[in-house]
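my_file.txt (compact mmCIF, C-alpha atoms) appears below.
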```
# COMPACT_ATOMS: atom_id res chain seq x y z
CA MET A 1492 9.26 -4.37 -21.73
CA SER A 1493 12.52 -5.83 -20.55
CA ASN A 1494 15.55 -7.68 -21.69
CA ALA A 1495 17.53 -10.52 -20.26
CA LEU A 1496 20.45 -8.31 -19.18
CA ASP A 1497 18.21 -5.94 -17.22
CA ARG A 1498 16.53 -8.83 -15.53
CA ALA A 1499 19.80 -10.50 -14.62
CA GLN A 1500 21.18 -7.23 -13.20
CA LEU A 1501 17.98 -6.67 -11.23
CA GLU A 1502 18.00 -10.15 -9.78
CA GLU A 1503 21.60 -9.53 -8.74
CA ALA A 1504 20.71 -6.17 -7.13
CA ASN A 1505 17.76 -7.77 -5.37
CA ALA A 1506 19.96 -10.60 -4.07
CA GLU A 1507 22.53 -8.03 -2.91
CA PHE A 1508 19.87 -6.40 -0.73
CA TYR A 1509 19.30 -9.63 1.17
CA ALA A 1510 22.98 -10.52 1.23
CA ALA A 1511 23.84 -7.15 2.78
CA PHE A 1512 21.24 -7.77 5.48
CA GLU A 1513 22.45 -11.32 6.10
CA GLU A 1514 26.03 -10.04 6.46
CA GLY A 1515 24.92 -7.11 8.62
CA ASP A 1516 26.94 -4.90 6.27
CA LEU A 1517 25.54 -1.37 6.44
CA ASP A 1518 28.03 -0.08 3.84
CA ARG A 1519 26.81 -2.59 1.28
CA MET A 1520 23.23 -1.75 2.22
CA ALA A 1521 23.92 1.99 1.83
CA ALA A 1522 25.57 1.43 -1.55
CA LEU A 1523 22.49 -0.37 -2.85
CA TRP A 1524 19.90 2.23 -1.91
CA ALA A 1525 19.32 5.12 -4.32
CA ASP A 1526 21.06 8.39 -3.62
CA GLY A 1527 21.43 11.91 -5.02
CA PRO A 1528 18.18 13.21 -6.52
CA TYR A 1529 16.44 9.99 -5.52
CA ALA A 1530 17.35 10.25 -1.82
CA PRO A 1531 14.16 12.02 -0.69
CA GLY A 1532 12.00 9.40 -2.44
CA VAL A 1533 13.73 6.47 -0.74
CA SER A 1534 11.04 4.63 1.23
CA CYS A 1535 10.93 1.51 3.35
CA VAL A 1536 8.32 -0.49 5.23
CA HIS A 1537 9.67 -3.18 7.52
CA PRO A 1538 7.13 -5.91 8.34
CA GLY A 1539 4.55 -4.45 10.73
CA TRP A 1540 6.11 -0.99 10.67
CA SER A 1541 4.77 2.19 9.16
CA MET A 1542 6.47 3.93 6.24
CA LEU A 1543 9.98 5.33 6.66
CA ARG A 1544 10.89 8.05 4.19
CA GLY A 1545 14.13 9.51 2.96
CA ARG A 1546 17.50 7.80 2.56
CA GLU A 1547 18.79 8.94 5.94
CA GLU A 1548 15.81 7.67 7.94
CA VAL A 1549 15.75 4.38 6.03
CA LEU A 1550 19.46 3.69 6.55
CA ARG A 1551 19.13 4.57 10.23
CA SER A 1552 16.46 1.88 10.53
CA TRP A 1553 18.75 -0.65 8.89
CA ALA A 1554 21.54 0.19 11.29
CA LEU A 1555 19.12 -0.38 14.18
CA ILE A 1556 17.78 -3.64 12.79
CA MET A 1557 21.22 -4.99 11.97
CA ALA A 1558 22.46 -4.11 15.47
CA ASN A 1559 19.62 -6.20 16.88
CA THR A 1560 19.86 -9.19 14.56
CA SER A 1561 22.52 -11.72 15.45
CA TYR A 1562 21.60 -14.11 12.65
CA ILE A 1563 19.26 -13.96 9.69
CA GLN A 1564 19.04 -15.91 6.47
CA PHE A 1565 16.72 -15.50 3.52
CA VAL A 1566 15.54 -18.03 1.01
CA LEU A 1567 13.74 -16.14 -1.73
CA THR A 1568 10.91 -17.76 -3.68
CA ASP A 1569 8.53 -16.51 -6.35
CA VAL A 1570 10.99 -13.84 -7.48
CA ARG A 1571 9.38 -11.82 -10.25
CA THR A 1572 11.06 -9.00 -12.12
CA ASP A 1573 9.25 -6.45 -14.30
CA VAL A 1574 11.26 -3.75 -16.06
CA TYR A 1575 9.71 -0.47 -17.19
CA GLY A 1576 12.48 1.55 -18.82
CA ASP A 1577 14.64 2.92 -16.02
CA GLN A 1578 12.34 1.69 -13.28
CA ALA A 1579 11.71 -1.86 -12.22
CA VAL A 1580 9.60 -3.79 -9.74
CA VAL A 1581 10.89 -6.97 -8.14
CA THR A 1582 8.50 -8.93 -5.96
CA CYS A 1583 9.38 -12.00 -3.94
CA ASN A 1584 8.60 -14.09 -0.91
CA GLU A 1585 11.18 -13.94 1.85
CA ASN A 1586 11.39 -17.25 3.71
CA ILE A 1587 13.26 -16.24 6.83
CA LEU A 1588 15.39 -18.10 9.31
CA THR A 1589 16.51 -15.92 12.18
CA ALA A 1590 17.79 -15.90 15.74
CA GLY A 1591 18.53 -13.25 18.30
CA ASP A 1592 15.85 -10.80 17.30
CA ASP A 1593 15.45 -7.98 19.81
CA SER A 1594 11.74 -7.36 20.18
CA GLU A 1595 12.43 -3.73 21.04
CA THR A 1596 13.00 -3.05 17.35
CA GLY A 1597 9.57 -4.34 16.49
CA PHE A 1598 11.02 -6.44 13.70
CA LEU A 1599 8.95 -9.53 13.01
CA ALA A 1600 11.36 -12.34 12.34
CA GLY A 1601 10.65 -15.86 11.23
CA GLY A 1602 8.07 -17.20 8.88
CA SER A 1603 7.19 -15.62 5.60
CA VAL A 1604 7.30 -12.05 4.38
CA VAL A 1605 6.04 -10.82 1.02
CA SER A 1606 8.13 -8.07 -0.45
CA THR A 1607 7.91 -5.37 -3.11
CA ASN A 1608 11.22 -3.83 -4.17
CA VAL A 1609 11.20 -0.88 -6.57
CA PHE A 1610 14.47 -0.09 -8.34
CA VAL A 1611 15.63 2.86 -10.42
CA ARG A 1612 18.49 2.84 -12.92
CA SER A 1613 20.90 5.54 -11.78
CA GLY A 1614 24.39 5.98 -13.19
CA GLY A 1615 23.98 2.73 -15.11
CA GLU A 1616 23.23 0.78 -11.95
CA TRP A 1617 20.01 -0.49 -10.46
CA ARG A 1618 19.50 1.10 -7.06
CA LEU A 1619 16.80 0.34 -4.53
CA LEU A 1620 14.20 3.09 -4.23
CA LEU A 1621 11.51 1.41 -2.17
CA HIS A 1622 11.19 -1.73 -0.09
CA HIS A 1623 7.86 -2.81 1.33
CA GLY A 1624 7.83 -6.02 3.33
CA SER A 1625 4.77 -7.38 5.09
CA PRO A 1626 3.98 -10.46 7.14
CA ILE A 1627 1.87 -13.18 5.55
CA LEU A 1628 -0.75 -13.80 8.21
CA ASN A 1629 -3.10 -16.30 6.61
CA GLY A 1630 -3.77 -18.57 3.68
CA ALA A 1631 -6.68 -16.68 2.18
CA GLU A 1632 -4.84 -16.11 -1.07
CA GLU A 1633 -4.96 -19.81 -1.80
CA GLU A 1634 -8.70 -19.81 -2.41
CA MET B 764 11.48 14.76 -11.25
CA SER B 765 7.82 15.71 -11.36
CA ASN B 766 5.50 18.53 -12.10
CA ALA B 767 2.38 19.81 -10.44
CA LEU B 768 0.05 18.42 -13.10
CA ASP B 769 1.46 14.89 -12.79
CA ARG B 770 1.16 15.04 -9.04
CA ALA B 771 -2.40 16.32 -9.15
CA GLN B 772 -3.40 13.59 -11.62
CA LEU B 773 -1.70 10.95 -9.49
CA GLU B 774 -3.40 12.09 -6.32
CA GLU B 775 -6.68 11.90 -8.19
CA ALA B 776 -5.93 8.38 -9.46
CA ASN B 777 -4.88 7.33 -5.97
CA ALA B 778 -8.09 8.75 -4.49
CA GLU B 779 -10.09 6.94 -7.19
CA PHE B 780 -8.66 3.63 -6.01
CA TYR B 781 -10.03 4.14 -2.52
CA ALA B 782 -13.30 5.63 -3.78
CA ALA B 783 -13.89 2.60 -6.00
CA PHE B 784 -13.37 0.35 -2.98
CA GLU B 785 -15.63 2.46 -0.76
CA GLU B 786 -18.36 2.33 -3.39
CA GLY B 787 -17.83 -1.38 -3.99
CA ASP B 788 -17.66 -0.56 -7.70
CA LEU B 789 -15.68 -3.28 -9.46
CA ASP B 790 -15.99 -1.56 -12.85
CA ARG B 791 -14.33 1.58 -11.52
CA MET B 792 -11.69 -0.58 -9.85
CA ALA B 793 -11.07 -2.47 -13.10
CA ALA B 794 -10.78 0.78 -15.06
CA LEU B 795 -8.08 2.05 -12.73
CA TRP B 796 -5.78 -0.98 -12.84
CA ALA B 797 -3.29 -1.19 -15.70
CA ASP B 798 -4.21 -3.33 -18.69
CA GLY B 799 -2.85 -4.42 -22.07
CA PRO B 800 0.91 -5.01 -21.97
CA TYR B 801 0.95 -4.17 -18.27
CA ALA B 802 -1.66 -6.78 -17.30
CA PRO B 803 0.81 -9.57 -16.43
CA GLY B 804 2.77 -7.20 -14.17
CA VAL B 805 -0.29 -6.13 -12.18
CA SER B 806 0.38 -7.11 -8.57
CA CYS B 807 -1.46 -6.71 -5.30
CA VAL B 808 -0.86 -7.50 -1.64
CA HIS B 809 -3.86 -7.11 0.63
CA PRO B 810 -2.94 -6.65 4.31
CA GLY B 811 -1.72 -9.99 5.65
CA TRP B 812 -2.03 -11.73 2.30
CA SER B 813 0.68 -13.00 0.00
CA MET B 814 1.28 -11.52 -3.45
CA LEU B 815 -1.40 -11.78 -6.12
CA ARG B 816 -0.14 -11.46 -9.67
CA GLY B 817 -1.75 -10.64 -12.96
CA ARG B 818 -4.71 -8.39 -13.65
CA GLU B 819 -7.23 -11.23 -13.67
CA GLU B 820 -6.20 -12.66 -10.30
CA VAL B 821 -6.01 -9.21 -8.72
CA LEU B 822 -9.47 -8.16 -9.92
CA ARG B 823 -10.90 -11.48 -8.77
CA SER B 824 -9.60 -10.70 -5.27
CA TRP B 825 -11.26 -7.30 -5.35
CA ALA B 826 -14.56 -8.87 -6.37
CA LEU B 827 -14.25 -11.23 -3.41
CA ILE B 828 -13.31 -8.51 -0.95
CA MET B 829 -16.04 -6.15 -2.13
CA ALA B 830 -18.63 -8.92 -1.87
CA ASN B 831 -17.61 -9.39 1.77
CA THR B 832 -17.38 -5.74 2.78
CA SER B 833 -20.66 -4.09 3.62
CA TYR B 834 -19.08 -0.78 4.62
CA ILE B 835 -15.61 0.65 4.43
CA GLN B 836 -14.26 4.17 4.53
CA PHE B 837 -10.73 5.46 4.14
CA VAL B 838 -9.13 8.57 5.50
CA LEU B 839 -5.74 8.90 3.84
CA THR B 840 -2.86 10.59 5.62
CA ASP B 841 0.81 11.12 4.78
CA VAL B 842 0.12 10.90 1.06
CA ARG B 843 3.40 11.22 -0.80
CA THR B 844 3.77 11.24 -4.56
CA ASP B 845 7.03 10.71 -6.43
CA VAL B 846 7.03 10.82 -10.24
CA TYR B 847 9.76 9.17 -12.31
CA GLY B 848 8.92 9.80 -15.94
CA ASP B 849 6.05 7.49 -16.83
CA GLN B 850 6.16 5.65 -13.52
CA ALA B 851 5.17 6.95 -10.13
CA VAL B 852 5.07 5.82 -6.55
CA VAL B 853 2.34 7.01 -4.19
CA THR B 854 2.61 6.03 -0.55
CA CYS B 855 0.03 6.73 2.12
CA ASN B 856 -1.47 5.63 5.40
CA GLU B 857 -4.96 4.22 5.17
CA ASN B 858 -6.97 5.00 8.28
CA ILE B 859 -9.86 2.60 7.96
CA LEU B 860 -13.37 2.52 9.31
CA THR B 861 -15.20 -0.65 8.40
CA ALA B 862 -18.10 -2.93 9.28
CA GLY B 863 -19.33 -6.27 8.07
CA ASP B 864 -15.98 -7.79 7.23
CA ASP B 865 -16.22 -11.49 6.46
CA SER B 866 -13.26 -13.15 8.10
CA GLU B 867 -13.33 -15.88 5.44
CA THR B 868 -11.66 -13.45 3.05
CA GLY B 869 -8.75 -12.94 5.40
CA PHE B 870 -9.00 -9.20 4.95
CA LEU B 871 -7.80 -7.29 7.99
CA ALA B 872 -10.13 -4.37 8.46
CA GLY B 873 -9.93 -1.55 10.95
CA GLY B 874 -6.98 0.32 12.27
CA SER B 875 -4.12 1.50 10.13
CA VAL B 876 -2.63 0.15 6.94
CA VAL B 877 0.46 1.50 5.21
CA SER B 878 0.26 1.38 1.47
CA THR B 879 2.54 1.55 -1.57
CA ASN B 880 0.82 2.23 -4.89
CA VAL B 881 2.88 2.09 -8.09
CA PHE B 882 1.37 3.74 -11.15
CA VAL B 883 2.29 3.71 -14.84
CA ARG B 884 1.28 6.29 -17.42
CA SER B 885 -0.55 4.40 -20.14
CA GLY B 886 -2.52 6.06 -22.94
CA GLY B 887 -2.04 9.40 -21.17
CA GLU B 888 -3.61 8.13 -17.95
CA TRP B 889 -2.11 7.01 -14.70
CA ARG B 890 -3.06 3.39 -14.10
CA LEU B 891 -2.41 1.32 -11.00
CA LEU B 892 0.27 -1.33 -11.53
CA LEU B 893 0.93 -2.48 -7.97
CA HIS B 894 -0.74 -2.08 -4.60
CA HIS B 895 0.94 -3.31 -1.44
CA GLY B 896 -0.92 -2.74 1.81
CA SER B 897 0.27 -3.99 5.17
CA PRO B 898 -0.97 -3.73 8.74
CA ILE B 899 0.84 -1.41 11.12
CA LEU B 900 1.42 -3.65 14.12
CA ASN B 901 3.52 -1.56 16.45
CA GLY B 902 5.01 1.83 17.15
CA ALA B 903 8.67 0.92 16.66
CA GLU B 904 9.04 3.40 13.81
CA GLU B 905 8.57 6.25 16.25
CA GLU B 906 11.91 5.69 17.93
```

Represent the structure contained in this file as structure tokens.
Amino acid sequence: MSNALDRAQLEEANAEFYAAFEEGDLDRMAALWADGPYAPGVSCVHPGWSMLRGREEVLRSWALIMANTSYIQFVLTDVRTDVYGDQAVVTCNENILTAGDDSETGFLAGGSVVSTNVFVRSGGEWRLLLHHGSPILNGAEEE
Amino acid sequence: MSNALDRAQLEEANAEFYAAFEEGDLDRMAALWADGPYAPGVSCVHPGWSMLRGREEVLRSWALIMANTSYIQFVLTDVRTDVYGDQAVVTCNENILTAGDDSETGFLAGGSVVSTNVFVRSGGEWRLLLHHGSPILNGAEEE
């Protein structure tokens, strides 16, 4: 269901998402998210938040979060990439180091976040369609 | 990117997921989740949990959760369905009424959960490939 090139490109696109956040670069973030016919389907859940929908609303949230994050760094573990034609699902654990979080944004920083990132191939490039991050609150999964 | 029939079938499949949970019917739950070549890609995040991967591990978690849930009822709101060929993304808010939750399972019951459900069309049927549910912890998204 996938080939090595797709997987390599997807891992790069997934890494770009976190790099754009680390750099606080909204232009890079905007370039990664799907656009055009996919714009209405763009969806994002920040940890502890409800669903944001549509490219405009999602990018507005990133502008807000970036403006309130002075420092953040991700170490990704358990990155898994599954390709289904022109769609793909990348899941990973975000191990987060952060400082200067403004609690007014509601963004939960620090600790571990589990993330689902859905990509679509558009114009030959993998673009982010959906991001769903959620806090890992317990160790029940280790049973 | 979608037609009315696809959307109707997806809403039905999405409703079946919650109905199977409400009924505590593991066979119905198992029938809904993707199988065959999709089995390794089956992924699930219960609210507050980390990622479970693979059909077997995911169904084992449902058996555990169902065994520890004496009563649960979902009212879904903000259901949104986006179809991309043979893949689809359904997002919704789960408004949960529950009783008899066993805290040993780590399952967070009650209140609101935001959910991403990714489906694949397999053998002419929409099957659940990924479920990611997370607790809504604040009202920051309403800014």

Chain A in the frame of chain B after full C-alpha superposition, as a PDB file with C-alpha atoms, in the frame of the given file:
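After the write, superposed.pdb holds the following:
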```
ATOM      1  CA  MET A1492      11.477  14.819 -11.243  1.00  0.00           C
ATOM      2  CA  SER A1493       7.833  15.747 -11.361  1.00  0.00           C
ATOM      3  CA  ASN A1494       5.488  18.550 -12.100  1.00  0.00           C
ATOM      4  CA  ALA A1495       2.388  19.829 -10.433  1.00  0.00           C
ATOM      5  CA  LEU A1496       0.038  18.420 -13.092  1.00  0.00           C
ATOM      6  CA  ASP A1497       1.450  14.901 -12.781  1.00  0.00           C
ATOM      7  CA  ARG A1498       1.166  15.052  -9.050  1.00  0.00           C
ATOM      8  CA  ALA A1499      -2.400  16.312  -9.139  1.00  0.00           C
ATOM      9  CA  GLN A1500      -3.401  13.577 -11.615  1.00  0.00           C
ATOM     10  CA  LEU A1501      -1.692  10.940  -9.479  1.00  0.00           C
ATOM     11  CA  GLU A1502      -3.384  12.090  -6.312  1.00  0.00           C
ATOM     12  CA  GLU A1503      -6.682  11.895  -8.186  1.00  0.00           C
ATOM     13  CA  ALA A1504      -5.919   8.363  -9.457  1.00  0.00           C
ATOM     14  CA  ASN A1505      -4.872   7.311  -5.970  1.00  0.00           C
ATOM     15  CA  ALA A1506      -8.080   8.737  -4.483  1.00  0.00           C
ATOM     16  CA  GLU A1507     -10.093   6.949  -7.186  1.00  0.00           C
ATOM     17  CA  PHE A1508      -8.651   3.626  -6.019  1.00  0.00           C
ATOM     18  CA  TYR A1509     -10.034   4.133  -2.527  1.00  0.00           C
ATOM     19  CA  ALA A1510     -13.281   5.628  -3.775  1.00  0.00           C
ATOM     20  CA  ALA A1511     -13.903   2.597  -5.995  1.00  0.00           C
ATOM     21  CA  PHE A1512     -13.373   0.334  -2.990  1.00  0.00           C
ATOM     22  CA  GLU A1513     -15.613   2.447  -0.760  1.00  0.00           C
ATOM     23  CA  GLU A1514     -18.365   2.325  -3.405  1.00  0.00           C
ATOM     24  CA  GLY A1515     -17.825  -1.394  -4.005  1.00  0.00           C
ATOM     25  CA  ASP A1516     -17.650  -0.544  -7.711  1.00  0.00           C
ATOM     26  CA  LEU A1517     -15.675  -3.270  -9.477  1.00  0.00           C
ATOM     27  CA  ASP A1518     -15.992  -1.532 -12.868  1.00  0.00           C
ATOM     28  CA  ARG A1519     -14.323   1.595 -11.534  1.00  0.00           C
ATOM     29  CA  MET A1520     -11.694  -0.570  -9.859  1.00  0.00           C
ATOM     30  CA  ALA A1521     -11.064  -2.467 -13.118  1.00  0.00           C
ATOM     31  CA  ALA A1522     -10.778   0.785 -15.067  1.00  0.00           C
ATOM     32  CA  LEU A1523      -8.076   2.053 -12.721  1.00  0.00           C
ATOM     33  CA  TRP A1524      -5.785  -0.962 -12.846  1.00  0.00           C
ATOM     34  CA  ALA A1525      -3.293  -1.188 -15.715  1.00  0.00           C
ATOM     35  CA  ASP A1526      -4.208  -3.303 -18.698  1.00  0.00           C
ATOM     36  CA  GLY A1527      -2.848  -4.411 -22.076  1.00  0.00           C
ATOM     37  CA  PRO A1528       0.913  -5.002 -21.989  1.00  0.00           C
ATOM     38  CA  TYR A1529       0.951  -4.156 -18.290  1.00  0.00           C
ATOM     39  CA  ALA A1530      -1.655  -6.773 -17.319  1.00  0.00           C
ATOM     40  CA  PRO A1531       0.804  -9.561 -16.441  1.00  0.00           C
ATOM     41  CA  GLY A1532       2.781  -7.203 -14.177  1.00  0.00           C
ATOM     42  CA  VAL A1533      -0.283  -6.130 -12.194  1.00  0.00           C
ATOM     43  CA  SER A1534       0.381  -7.115  -8.576  1.00  0.00           C
ATOM     44  CA  CYS A1535      -1.461  -6.715  -5.306  1.00  0.00           C
ATOM     45  CA  VAL A1536      -0.857  -7.512  -1.653  1.00  0.00           C
ATOM     46  CA  HIS A1537      -3.858  -7.121   0.615  1.00  0.00           C
ATOM     47  CA  PRO A1538      -2.948  -6.666   4.295  1.00  0.00           C
ATOM     48  CA  GLY A1539      -1.725 -10.013   5.636  1.00  0.00           C
ATOM     49  CA  TRP A1540      -2.047 -11.743   2.273  1.00  0.00           C
ATOM     50  CA  SER A1541       0.667 -13.009  -0.012  1.00  0.00           C
ATOM     51  CA  MET A1542       1.276 -11.532  -3.461  1.00  0.00           C
ATOM     52  CA  LEU A1543      -1.419 -11.792  -6.130  1.00  0.00           C
ATOM     53  CA  ARG A1544      -0.147 -11.472  -9.680  1.00  0.00           C
ATOM     54  CA  GLY A1545      -1.744 -10.640 -12.982  1.00  0.00           C
ATOM     55  CA  ARG A1546      -4.715  -8.374 -13.674  1.00  0.00           C
ATOM     56  CA  GLU A1547      -7.230 -11.213 -13.684  1.00  0.00           C
ATOM     57  CA  GLU A1548      -6.197 -12.657 -10.316  1.00  0.00           C
ATOM     58  CA  VAL A1549      -6.014  -9.203  -8.732  1.00  0.00           C
ATOM     59  CA  LEU A1550      -9.474  -8.161  -9.938  1.00  0.00           C
ATOM     60  CA  ARG A1551     -10.902 -11.484  -8.779  1.00  0.00           C
ATOM     61  CA  SER A1552      -9.604 -10.710  -5.290  1.00  0.00           C
ATOM     62  CA  TRP A1553     -11.267  -7.310  -5.369  1.00  0.00           C
ATOM     63  CA  ALA A1554     -14.563  -8.848  -6.377  1.00  0.00           C
ATOM     64  CA  LEU A1555     -14.266 -11.234  -3.419  1.00  0.00           C
ATOM     65  CA  ILE A1556     -13.310  -8.517  -0.957  1.00  0.00           C
ATOM     66  CA  MET A1557     -16.023  -6.154  -2.134  1.00  0.00           C
ATOM     67  CA  ALA A1558     -18.629  -8.930  -1.875  1.00  0.00           C
ATOM     68  CA  ASN A1559     -17.617  -9.388   1.756  1.00  0.00           C
ATOM     69  CA  THR A1560     -17.383  -5.745   2.783  1.00  0.00           C
ATOM     70  CA  SER A1561     -20.671  -4.089   3.631  1.00  0.00           C
ATOM     71  CA  TYR A1562     -19.088  -0.783   4.615  1.00  0.00           C
ATOM     72  CA  ILE A1563     -15.603   0.656   4.419  1.00  0.00           C
ATOM     73  CA  GLN A1564     -14.252   4.175   4.531  1.00  0.00           C
ATOM     74  CA  PHE A1565     -10.719   5.449   4.139  1.00  0.00           C
ATOM     75  CA  VAL A1566      -9.115   8.562   5.490  1.00  0.00           C
ATOM     76  CA  LEU A1567      -5.724   8.885   3.841  1.00  0.00           C
ATOM     77  CA  THR A1568      -2.836  10.579   5.638  1.00  0.00           C
ATOM     78  CA  ASP A1569       0.819  11.101   4.790  1.00  0.00           C
ATOM     79  CA  VAL A1570       0.121  10.889   1.058  1.00  0.00           C
ATOM     80  CA  ARG A1571       3.407  11.202  -0.798  1.00  0.00           C
ATOM     81  CA  THR A1572       3.768  11.226  -4.558  1.00  0.00           C
ATOM     82  CA  ASP A1573       7.047  10.722  -6.435  1.00  0.00           C
ATOM     83  CA  VAL A1574       7.051  10.829 -10.232  1.00  0.00           C
ATOM     84  CA  TYR A1575       9.762   9.168 -12.312  1.00  0.00           C
ATOM     85  CA  GLY A1576       8.903   9.812 -15.953  1.00  0.00           C
ATOM     86  CA  ASP A1577       6.047   7.480 -16.842  1.00  0.00           C
ATOM     87  CA  GLN A1578       6.152   5.653 -13.531  1.00  0.00           C
ATOM     88  CA  ALA A1579       5.173   6.958 -10.146  1.00  0.00           C
ATOM     89  CA  VAL A1580       5.076   5.813  -6.539  1.00  0.00           C
ATOM     90  CA  VAL A1581       2.356   7.000  -4.188  1.00  0.00           C
ATOM     91  CA  THR A1582       2.635   6.018  -0.546  1.00  0.00           C
ATOM     92  CA  CYS A1583       0.056   6.721   2.125  1.00  0.00           C
ATOM     93  CA  ASN A1584      -1.449   5.630   5.396  1.00  0.00           C
ATOM     94  CA  GLU A1585      -4.945   4.209   5.159  1.00  0.00           C
ATOM     95  CA  ASN A1586      -6.961   5.003   8.285  1.00  0.00           C
ATOM     96  CA  ILE A1587      -9.844   2.589   7.951  1.00  0.00           C
ATOM     97  CA  LEU A1588     -13.358   2.524   9.291  1.00  0.00           C
ATOM     98  CA  THR A1589     -15.194  -0.647   8.386  1.00  0.00           C
ATOM     99  CA  ALA A1590     -18.090  -2.912   9.277  1.00  0.00           C
ATOM    100  CA  GLY A1591     -19.333  -6.255   8.092  1.00  0.00           C
ATOM    101  CA  ASP A1592     -15.993  -7.786   7.265  1.00  0.00           C
ATOM    102  CA  ASP A1593     -16.241 -11.502   6.529  1.00  0.00           C
ATOM    103  CA  SER A1594     -13.265 -13.147   8.180  1.00  0.00           C
ATOM    104  CA  GLU A1595     -13.319 -15.885   5.554  1.00  0.00           C
ATOM    105  CA  THR A1596     -11.670 -13.477   3.128  1.00  0.00           C
ATOM    106  CA  GLY A1597      -8.780 -12.945   5.481  1.00  0.00           C
ATOM    107  CA  PHE A1598      -9.046  -9.202   5.019  1.00  0.00           C
ATOM    108  CA  LEU A1599      -7.821  -7.295   8.048  1.00  0.00           C
ATOM    109  CA  ALA A1600     -10.163  -4.392   8.540  1.00  0.00           C
ATOM    110  CA  GLY A1601      -9.933  -1.547  10.985  1.00  0.00           C
ATOM    111  CA  GLY A1602      -6.965   0.327  12.270  1.00  0.00           C
ATOM    112  CA  SER A1603      -4.118   1.483  10.128  1.00  0.00           C
ATOM    113  CA  VAL A1604      -2.629   0.144   6.929  1.00  0.00           C
ATOM    114  CA  VAL A1605       0.475   1.478   5.205  1.00  0.00           C
ATOM    115  CA  SER A1606       0.276   1.365   1.458  1.00  0.00           C
ATOM    116  CA  THR A1607       2.557   1.536  -1.572  1.00  0.00           C
ATOM    117  CA  ASN A1608       0.836   2.212  -4.893  1.00  0.00           C
ATOM    118  CA  VAL A1609       2.885   2.090  -8.094  1.00  0.00           C
ATOM    119  CA  PHE A1610       1.371   3.746 -11.162  1.00  0.00           C
ATOM    120  CA  VAL A1611       2.297   3.703 -14.838  1.00  0.00           C
ATOM    121  CA  ARG A1612       1.283   6.295 -17.424  1.00  0.00           C
ATOM    122  CA  SER A1613      -0.556   4.397 -20.147  1.00  0.00           C
ATOM    123  CA  GLY A1614      -2.530   6.071 -22.916  1.00  0.00           C
ATOM    124  CA  GLY A1615      -2.047   9.415 -21.182  1.00  0.00           C
ATOM    125  CA  GLU A1616      -3.608   8.148 -17.971  1.00  0.00           C
ATOM    126  CA  TRP A1617      -2.113   7.012 -14.704  1.00  0.00           C
ATOM    127  CA  ARG A1618      -3.062   3.396 -14.092  1.00  0.00           C
ATOM    128  CA  LEU A1619      -2.399   1.318 -11.008  1.00  0.00           C
ATOM    129  CA  LEU A1620       0.274  -1.328 -11.520  1.00  0.00           C
ATOM    130  CA  LEU A1621       0.933  -2.479  -7.979  1.00  0.00           C
ATOM    131  CA  HIS A1622      -0.723  -2.094  -4.603  1.00  0.00           C
ATOM    132  CA  HIS A1623       0.947  -3.328  -1.447  1.00  0.00           C
ATOM    133  CA  GLY A1624      -0.921  -2.763   1.793  1.00  0.00           C
ATOM    134  CA  SER A1625       0.279  -3.996   5.162  1.00  0.00           C
ATOM    135  CA  PRO A1626      -0.965  -3.751   8.726  1.00  0.00           C
ATOM    136  CA  ILE A1627       0.861  -1.434  11.108  1.00  0.00           C
ATOM    137  CA  LEU A1628       1.428  -3.673  14.106  1.00  0.00           C
ATOM    138  CA  ASN A1629       3.511  -1.551  16.448  1.00  0.00           C
ATOM    139  CA  GLY A1630       4.991   1.839  17.157  1.00  0.00           C
ATOM    140  CA  ALA A1631       8.632   0.965  16.637  1.00  0.00           C
ATOM    141  CA  GLU A1632       8.993   3.459  13.822  1.00  0.00           C
ATOM    142  CA  GLU A1633       8.498   6.297  16.258  1.00  0.00           C
ATOM    143  CA  GLU A1634      11.848   5.750  17.943  1.00  0.00           C
TER     144      GLU A1634
END
```

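When atom CA of A:Leu1621 is paired with atom CA of A:Asn1505, their separation reads 11.6 Å.
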
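Ranking A:Arg1551, A:Arg1498, A:Arg1618, A:Arg1519 by their shortest atom-to-atom distance to chain B, with only C-alpha atoms included, puts A:Arg1551 first.
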
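Closest approach to A:Ser1541 among B:Val881, B:Val876, B:Leu789, B:Ala797 is made by B:Val876 (distances from only C-alpha atoms).
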
List every protein, DNA or RNA residue that has at least one atom no more than 7 Å from (-7.8, 8.9, 4.5) in the file's coordinates, counting only C-alpha atoms, and write the result as a tab-separated table (two decimals) with C-alpha atoms, in the coordinates of the input.
```tsv
chain	number	residue	atom	x	y	z
B	837	PHE	CA	-10.73	5.46	4.14
B	838	VAL	CA	-9.13	8.57	5.50
B	839	LEU	CA	-5.74	8.90	3.84
B	840	THR	CA	-2.86	10.59	5.62
B	857	GLU	CA	-4.96	4.22	5.17
B	858	ASN	CA	-6.97	5.00	8.28
```

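Going from atom CA of B:Ala776 over to atom CA of B:Asp790, you cover 14.5 Å.
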
One decimal, in Å: what's the spacing between atom CA of A:Ala1590 and atom CA of A:Pro1626? 17.2 Å

Who sits within 12 Å of A:Asn1494, all atoms listed in the file, same chain under 6 positions skipped, as an MDAnalysis selection string: chainID A and resid 1500:1501 1572:1576 1579

Excluding A:Gly1614 and its own-chain neighbours fewer than 3 positions away, which residues fall within 12 Å of it when counting all atoms listed in the file? Please give them as a VMD selection string. chain A and resid 1525 to 1529 1577 1611 1617 to 1618

Go ahead and write the selection's residues with C-alpha atoms as a PDB file, keeping the file's coordinate frame.
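And here is the file that came out, selection-v7.pdb:
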```pdb
ATOM      1  CA  ALA A1525      19.320   5.120  -4.320  1.00  0.00           C
ATOM      2  CA  ASP A1526      21.060   8.390  -3.620  1.00  0.00           C
ATOM      3  CA  GLY A1527      21.430  11.910  -5.020  1.00  0.00           C
ATOM      4  CA  PRO A1528      18.180  13.210  -6.520  1.00  0.00           C
ATOM      5  CA  TYR A1529      16.440   9.990  -5.520  1.00  0.00           C
ATOM      6  CA  ASP A1577      14.640   2.920 -16.020  1.00  0.00           C
ATOM      7  CA  VAL A1611      15.630   2.860 -10.420  1.00  0.00           C
ATOM      8  CA  TRP A1617      20.010  -0.490 -10.460  1.00  0.00           C
ATOM      9  CA  ARG A1618      19.500   1.100  -7.060  1.00  0.00           C
TER      10      ARG A1618
END
```
